[in-house]
Amino acid sequence: MYIMNMEIFGITCNSKKVKKGFIFVAICGQKFDGNDYIDEAINNGAVIIYTEKDIKNKEIPVIKVENSRIKLAELLNKFYDYPTDDMTIIGVTGTNGKTTTTHLIDDIFKKANKKTALIGSLGLKINDEYTDINMTTPDSENLYEILFRLRKQNIEVVIMEVSSHALKLYRTHGINFDVAILTNIDIDHMDFHNSFQDYLNSKKRLFNSLDKNKLAIINIDDNNSKKILEGNNHVLTIAYGLNSKSSITASSIQMDENLSFTVCIQRSIISDKGNEYEPQEFNVFMNISGIYNVYNSLAAISCALYYDIDINIIRKSLSNIKNISRRFEKIHDSNFIVIDDFCHNPASYQAVLDRVRSLKYNKIIIVNAIRGSRGIKINKENAYVLASWYELFNNPKIIVTLSDDVVDINDKVNEDEINQYKYIFRDYEVEHELYDSLYFSIKKAINYADEDDIILLLGSQGMNKGKEIFKQIVEIS
């Protein structure tokens, strides 16, 4: 790649990564301003600087741009020779359900003999092997490098979780999405977004990035689904949900420990190859349960049908789906049951607790990790959901933990966040125990557990080590 007659050997926004022949893009971030490190970048070998500020009197070209994050993504896209132009890219966004939906799509496409890769909260997945990538949607430097490697490995289809953070910070800018899927939109990440409208607008960017006649798959039951496509009339649309206006819906839903339902194609679907799926019905059985998995499945089925995947392959793939890590994952089923879930917002707590209600149990024991460094609002809402279920579960044993023994500084719980639980639980007369240590909290729960009880390990980053700790304690005892 050449710019201004200079060969470019790399592009970064981290001055410490700069080498001879690199471009340095100065970004003003939440903690650091890249403009403070321009001299360091030049000393390390940078040959061009891009910045939003007026920077003068440097010995190399300094180019002012309107948006440094967009410029970084554009440069990376060009440097890696536009990697997504040669692959099918499916992006899934939403408050909840991204991980499950992407895994369902990945499994279906693999069963159809497509060479796939999945990028998401559990890492980079190729051939059932995961590589850690640290965040749901990597920053643009890592993301474009990953996509470049995937193309070299002849990956045909990339399924990607697209977070609101990534969209707001333009991490996915320039990626040529073929399909954008909306699972749902609810309250989340208000510590990062200025308002719910800002959160919604960030999600909207994925759909606005679609070129003409690319596909949007939306959950029509979600109140915000229409807003997502406002002003976007050039894309194809498949609407799914339990609403009668859906293109694809479900009926005869049966839920216990397993899930079965009838998929109803209510309006003809034209595939990307021009083939038509006429209105019809077919049955689906899954080894997972929960009404939210009906929605996740409908999204995945819609995507698969658009790409002409045979209905029998879809049905077979869904029937073979196993628990996905930390998504209502049963990690112990002996004298008592232990279920681990990445609850992180009110909607996900509601979904998990609603699903537990359908199970058989003696009593419920909840170990809940407070969501650290995410603000008052989300923790107040999460505490309220737990409190609202307290009597329905006949006063379950509730243990709240700060997880100080496992979280890093970015996920430490502060006093205001702890107080949200204290205030809500006081107001609703919820008896609970509060401990600093996740290890001690889980050990307490095990000690409380009797035959046919259910232990719920709930929480996001603060409970990420919960499964590991539980197994460690059980092995010791």
# chains A, B, ... in the order shown; residues from 1 in each chain; ligands from 1

$ residues_around --residues "region 298-311 of chain A" --least-positions-apart "5" --cutoff "6 Å" --atoms "only C-alpha atoms" --output "MDAnalysis selection string"
chainID A and resid 105 271:272

$ write_last_selection --atoms "N, CA and C atoms" --output "PDB file, in the first residue's frame"
ATOM      1  N   ILE A 105     -26.563 -19.713  13.771  1.00  0.00           N
ATOM      2  CA  ILE A 105     -26.264 -19.485  12.352  1.00  0.00           C
ATOM      3  C   ILE A 105     -24.999 -20.224  11.957  1.00  0.00           C
ATOM      4  N   SER A 271     -34.669 -16.198  -2.012  1.00  0.00           N
ATOM      5  CA  SER A 271     -33.292 -16.380  -1.560  1.00  0.00           C
ATOM      6  C   SER A 271     -32.340 -15.492  -2.357  1.00  0.00           C
ATOM      7  N   ASP A 272     -31.091 -15.468  -1.925  1.00  0.00           N
ATOM      8  CA  ASP A 272     -30.089 -14.647  -2.622  1.00  0.00           C
ATOM      9  C   ASP A 272     -29.834 -15.148  -4.039  1.00  0.00           C
TER      10      ASP A 272
END

$ select_by_dssp --residues "region 294-412 of chain A" --states "strand (DSSP E or B)" --output "list in words"
Ile324, Arg327, Glu329, Lys330, Ile331, His332, Asp333, Ile337, Val338, Ile339, Asp340, Asp341, Ile364, Ile365, Ile366, Val367, Asn368, Ala369, Lys397, Ile398, Ile399, Val400 and Thr401 of chain A

$ select_by_dssp --residues "region 58-212 of chain A" --states "alpha helix (DSSP H)" --output "PyMOL selection string"
chain A and resi 68-79+98-111+140-152+164-168+196-208

$ residues_around --residues "Asp54 (chain A)" --least-positions-apart "2" --cutoff "12 Å" --atoms "only C-alpha atoms" --output "list in words"
Ala26, Asn35, Ile49, Tyr50, Thr51, Glu52, Lys56, Asn57, Lys58, Val62, Ile63, Lys64, Val65 and Glu66 of chain A

$ atom_distance --atom1 "CA of Leu456 (chain A)" --atom2 "CA of Val430 (chain A)"
16.7 Å
